[in-house]
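Trainee: One file: my_file.cif (mmCIF, C-alpha atoms).
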```cif
data_final
loop_
_atom_site.label_atom_id
_atom_site.label_comp_id
_atom_site.auth_asym_id
_atom_site.auth_seq_id
_atom_site.Cartn_x
_atom_site.Cartn_y
_atom_site.Cartn_z
CA MET A 710 24.64 133.37 121.47
CA ALA A 711 27.72 132.25 119.56
CA VAL A 712 31.40 131.50 120.03
CA LYS A 713 34.17 132.55 117.67
CA ILE A 714 36.51 129.72 116.74
CA ASP A 715 40.09 130.38 115.64
CA VAL A 716 40.66 128.14 112.62
CA LYS A 717 43.93 129.67 111.40
CA GLU A 718 46.16 126.70 112.24
CA LEU A 719 43.62 124.12 111.17
CA LEU A 720 42.35 125.65 107.94
CA GLY A 721 44.78 128.50 107.26
CA GLN A 722 41.90 130.96 107.46
CA THR A 723 42.63 134.13 109.46
CA LYS A 724 38.99 135.07 110.01
CA LYS A 725 37.43 133.36 113.02
CA VAL A 726 34.40 131.19 112.36
CA GLU A 727 31.28 131.94 114.35
CA VAL A 728 29.45 128.90 115.72
CA LYS A 729 26.05 129.42 117.28
CA THR A 730 25.60 127.80 120.67
CA THR A 731 22.21 126.40 119.75
CA THR A 732 20.69 123.30 121.23
CA LYS A 733 21.40 121.51 117.95
CA ASN A 734 25.13 122.37 118.09
CA PHE A 735 25.22 121.55 121.81
CA LYS A 736 23.75 118.10 121.11
CA LYS A 737 26.23 117.58 118.25
CA ALA A 738 29.12 118.43 120.57
CA VAL A 739 27.90 116.18 123.37
CA SER A 740 27.24 113.39 120.88
CA PHE A 741 30.81 113.77 119.59
CA MET A 742 32.24 113.62 123.13
CA ARG A 743 30.02 110.63 123.90
CA SER A 744 31.27 108.86 120.77
CA LEU A 745 34.86 109.49 121.84
CA ASN A 746 34.08 108.11 125.27
CA LYS A 747 32.57 104.97 123.73
CA ILE A 748 35.60 104.51 121.48
CA GLN A 749 37.94 104.93 124.45
CA LEU A 750 35.93 102.34 126.41
CA ASP A 751 36.15 99.94 123.46
CA GLN A 752 39.92 100.48 123.29
CA MET A 753 40.26 99.82 127.01
CA HIS A 754 38.32 96.55 126.64
CA ILE A 755 40.54 95.57 123.71
CA GLU A 756 43.69 96.33 125.72
CA LYS A 757 42.37 94.33 128.69
CA GLN A 758 41.60 91.36 126.44
CA GLY A 759 45.06 91.72 124.92
CA ASP A 760 46.64 91.59 128.37
CA ASP A 761 44.99 88.21 128.94
CA LEU A 762 46.14 86.88 125.58
CA GLU A 763 49.20 84.65 125.45
CA ASP A 764 49.70 84.50 121.68
CA PHE A 765 49.23 87.71 119.68
CA ASN A 766 49.69 85.81 116.42
CA SER A 767 46.64 83.68 117.15
CA VAL A 768 43.22 84.22 115.60
CA GLU A 769 42.09 85.96 118.79
CA GLY A 770 45.14 88.23 118.77
CA LEU A 771 44.62 89.23 115.16
CA GLU A 772 40.92 89.85 115.80
CA LEU A 773 41.80 92.13 118.73
CA SER A 774 44.31 93.94 116.57
CA ASP A 775 41.66 94.41 113.88
CA LYS A 776 39.19 95.79 116.44
CA GLY A 777 41.85 98.20 117.71
CA MET A 778 42.59 99.48 114.22
CA GLY A 779 38.87 99.81 113.53
CA SER A 780 38.41 101.95 116.63
CA MET A 781 41.26 104.23 115.53
CA ILE A 782 39.62 104.74 112.14
CA GLU A 783 36.28 105.37 113.85
CA MET A 784 37.90 107.99 116.10
CA ALA A 785 39.48 109.77 113.12
CA ASP A 786 36.23 109.73 111.13
CA THR A 787 34.18 110.91 114.12
CA ALA A 788 36.46 113.89 114.81
CA THR A 789 36.71 114.93 111.16
CA GLN A 790 32.97 114.62 110.63
CA TYR A 791 32.21 116.62 113.79
CA ILE A 792 34.53 119.45 112.72
CA ALA A 793 33.17 119.48 109.16
CA GLU A 794 29.52 119.54 110.26
CA THR A 795 29.96 122.10 113.03
CA LEU A 796 32.07 124.53 110.99
CA LYS A 797 30.01 123.81 107.85
CA LEU A 798 33.11 122.95 105.85
CA SER A 799 32.89 122.30 102.15
CA ASN A 800 33.86 118.84 100.90
CA LYS A 801 37.11 120.34 99.65
CA GLN A 802 37.91 121.86 103.07
CA ALA A 803 37.07 118.59 104.86
CA GLU A 804 39.28 116.67 102.45
CA LYS A 805 42.11 119.17 102.98
CA LEU A 806 41.73 118.71 106.74
CA GLU A 807 42.21 114.95 106.39
CA GLU A 808 45.08 115.24 103.93
CA GLU A 809 47.12 117.98 105.62
CA LYS A 810 46.62 117.60 109.37
CA ASP A 811 47.77 114.80 111.60
CA MET A 812 45.42 112.94 113.89
CA ASP A 813 46.62 114.70 117.06
CA GLU A 814 45.88 118.11 115.54
CA VAL A 815 42.43 117.05 114.38
CA MET A 816 41.53 115.46 117.72
CA ALA A 817 42.79 118.41 119.77
CA PHE A 818 40.84 120.85 117.61
CA ALA A 819 37.64 118.76 117.69
CA ILE A 820 37.77 118.51 121.48
CA LYS A 821 38.48 122.24 121.83
CA LEU A 822 35.58 123.00 119.47
CA ALA A 823 33.21 120.82 121.50
CA GLU A 824 34.36 122.49 124.72
CA GLU A 825 33.74 125.95 123.24
CA VAL A 826 30.29 125.05 121.94
CA THR A 827 29.15 123.40 125.18
CA GLY A 828 30.92 125.74 127.58
CA THR A 829 32.69 122.79 129.23
CA LYS A 830 36.24 121.81 129.87
CA ALA A 831 36.69 118.13 129.01
CA GLU A 832 38.89 116.16 131.37
CA LYS A 833 41.36 113.49 130.41
CA ALA A 834 39.96 110.02 129.95
CA GLY A 835 38.93 108.46 133.23
CA GLU A 836 38.42 111.79 134.99
CA LYS A 837 35.09 113.40 135.66
CA GLU A 838 33.64 116.04 133.36
CA ASN A 839 32.55 119.48 134.56
CA LEU A 840 29.37 120.44 132.72
CA LYS A 841 28.32 124.06 132.98
CA ALA A 842 25.20 123.87 130.84
#
```
Render the structure in this file as structure tokens.
Mentor:
Amino acid sequence: MAVKIDVKELLGQTKKVEVKTTTKNFKKAVSFMRSLNKIQLDQMHIEKQGDDLEDFNSVEGLELSDKGMGSMIEMADTATQYIAETLKLSNKQAEKLEEEKDMDEVMAFAIKLAEEVTGTKAEKAGEKENLKA
């Protein structure tokens, strides 16, 4: 079985891309969603530590800031890599994706792609997930 993914807005390609709903692609999608969950947990921990911090210009404050920025980069890389691998993008297409699309567009597409491949509807952070597999 396969799902057809509309990539017009993301890649400018009018033809839909077919993605097989194999176990391998299912595992890739779940792994992507799990990575996002881990990153969100890390960000929540960073925010909580920041709430307890009195001086953001201290060593601890700058370290927390660095961790937060690192998690944002990790999130961007994870989403871009997931899209590129799942849609079998060329290096040029993956580079174009990073250069021409903003982070919100990339994240929204990656989540939608994972939902299509797994047959799930991801919930907002902190809410439960409805798996249909």
Trainee: Quick one: everything within 9 Å of Ser774 in chain A, counting all atoms listed in the file, minus sequence neighbours fewer than 6 positions away in the same chain. Send it as an MDAnalysis selection string.
Mentor: chainID A and resid 755 759 765
Trainee: Anything within 12 Å of (38.9, 103.3, 115.7): list those residues as a list of chain:residue names, counting all atoms listed in the file and sticking to the file's coordinates.
Mentor: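 Within the cut-off we find A:Ser744, A:Leu745, A:Asn746, A:Lys747, A:Ile748, A:Gln749, A:Leu750, A:Asp751, A:Gln752, A:Met753, A:Ile755, A:Leu773, A:Ser774, A:Asp775, A:Lys776, A:Gly777, A:Met778, A:Gly779, A:Ser780, A:Met781, A:Ile782, A:Glu783, A:Met784, A:Ala785, A:Asp786, A:Thr787, A:Ala788, A:Met812.
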Trainee: Given the choices A:Val768, A:Leu719, A:Ala819, A:Val726, which gets closest to Lys805 in chain A if the distance is worked out from all atoms listed in the file?
Mentor: A:Leu719
Trainee: Here's a test: counting all atoms listed in the file, identify every protein, DNA and RNA residue with an atom at most 12 Å from (27.2, 135.2, 117.8) in the file's coordinate frame, and state them as a VMD selection string.
Mentor: chain A and resid 710 to 714 725 to 731 826
Trainee: Could those selected residues go to a file with C-alpha atoms, as a short mmCIF file (atom, residue, chain, number, x, y, z; two decimals), keeping the file's coordinate frame?
Mentor:
```cif
data_model
loop_
_atom_site.label_atom_id
_atom_site.label_comp_id
_atom_site.auth_asym_id
_atom_site.auth_seq_id
_atom_site.Cartn_x
_atom_site.Cartn_y
_atom_site.Cartn_z
CA MET A 710 24.64 133.37 121.47
CA ALA A 711 27.72 132.25 119.56
CA VAL A 712 31.40 131.50 120.03
CA LYS A 713 34.17 132.55 117.67
CA ILE A 714 36.51 129.72 116.74
CA LYS A 725 37.43 133.36 113.02
CA VAL A 726 34.40 131.19 112.36
CA GLU A 727 31.28 131.94 114.35
CA VAL A 728 29.45 128.90 115.72
CA LYS A 729 26.05 129.42 117.28
CA THR A 730 25.60 127.80 120.67
CA THR A 731 22.21 126.40 119.75
CA VAL A 826 30.29 125.05 121.94
#
```
Trainee: For CA of Gln790 in chain A and CA of Ala803 in chain A, determine how far apart the two atoms are, in Å to one decimal place.
Mentor: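 These two atoms are separated by 8.1 Å.
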Trainee: Expand the PyMOL selection byres ((chain A and resi 734) around 12) into the individual residues it matches in the shown file, reporting them as a ChimeraX atom specification.
Mentor: /A:710-712,727-733,735-741,791-792,794-797,822-828
Trainee: Generate the output file for the selected residues, C-alpha atoms, as a short mmCIF file (atom, residue, chain, number, x, y, z; two decimals), in the frame of the given file.
Mentor:
```cif
data_model
loop_
_atom_site.label_atom_id
_atom_site.label_comp_id
_atom_site.auth_asym_id
_atom_site.auth_seq_id
_atom_site.Cartn_x
_atom_site.Cartn_y
_atom_site.Cartn_z
CA MET A 710 24.64 133.37 121.47
CA ALA A 711 27.72 132.25 119.56
CA VAL A 712 31.40 131.50 120.03
CA GLU A 727 31.28 131.94 114.35
CA VAL A 728 29.45 128.90 115.72
CA LYS A 729 26.05 129.42 117.28
CA THR A 730 25.60 127.80 120.67
CA THR A 731 22.21 126.40 119.75
CA THR A 732 20.69 123.30 121.23
CA LYS A 733 21.40 121.51 117.95
CA PHE A 735 25.22 121.55 121.81
CA LYS A 736 23.75 118.10 121.11
CA LYS A 737 26.23 117.58 118.25
CA ALA A 738 29.12 118.43 120.57
CA VAL A 739 27.90 116.18 123.37
CA SER A 740 27.24 113.39 120.88
CA PHE A 741 30.81 113.77 119.59
CA TYR A 791 32.21 116.62 113.79
CA ILE A 792 34.53 119.45 112.72
CA GLU A 794 29.52 119.54 110.26
CA THR A 795 29.96 122.10 113.03
CA LEU A 796 32.07 124.53 110.99
CA LYS A 797 30.01 123.81 107.85
CA LEU A 822 35.58 123.00 119.47
CA ALA A 823 33.21 120.82 121.50
CA GLU A 824 34.36 122.49 124.72
CA GLU A 825 33.74 125.95 123.24
CA VAL A 826 30.29 125.05 121.94
CA THR A 827 29.15 123.40 125.18
CA GLY A 828 30.92 125.74 127.58
#
```
Trainee: Between CA of Ser799 in chain A and CA of Glu718 in chain A, what is the spacing in Å?
Mentor: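 It comes out at 17.2 Å.
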Trainee: So how many Å separate CA of Ala793 in chain A and CA of Lys810 in chain A, to one decimal?
Mentor: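 Computed distance, CA of Ala793 in chain A to CA of Lys810 in chain A, equals 13.6 Å.
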Trainee: Name the closest residue to Glu808 in chain A among the candidates A:Leu720, A:His754, A:Lys830, A:Ile820; distances are taken between atoms, counting all atoms listed in the file.
Mentor: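 Among the listed residues, A:Leu720 lies closest to Glu808 in chain A.
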Trainee: Kindly indicate which residue among A:Gln758, A:Thr789, A:Thr829, A:Gln802 lies nearest to Val815 in chain A, using only C-alpha atoms for the distances.
Mentor: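 Smallest separation from Val815 in chain A among the options: A:Thr789.
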Trainee: From the set A:Leu771, A:Leu762, A:Asp715, A:Met742, which residue has the shortest atom-to-atom contact distance to Met816 in chain A, counting all atoms listed in the file?
Mentor: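 Ranking A:Leu771, A:Leu762, A:Asp715, A:Met742 by distance to Met816 in chain A, first place goes to A:Met742.
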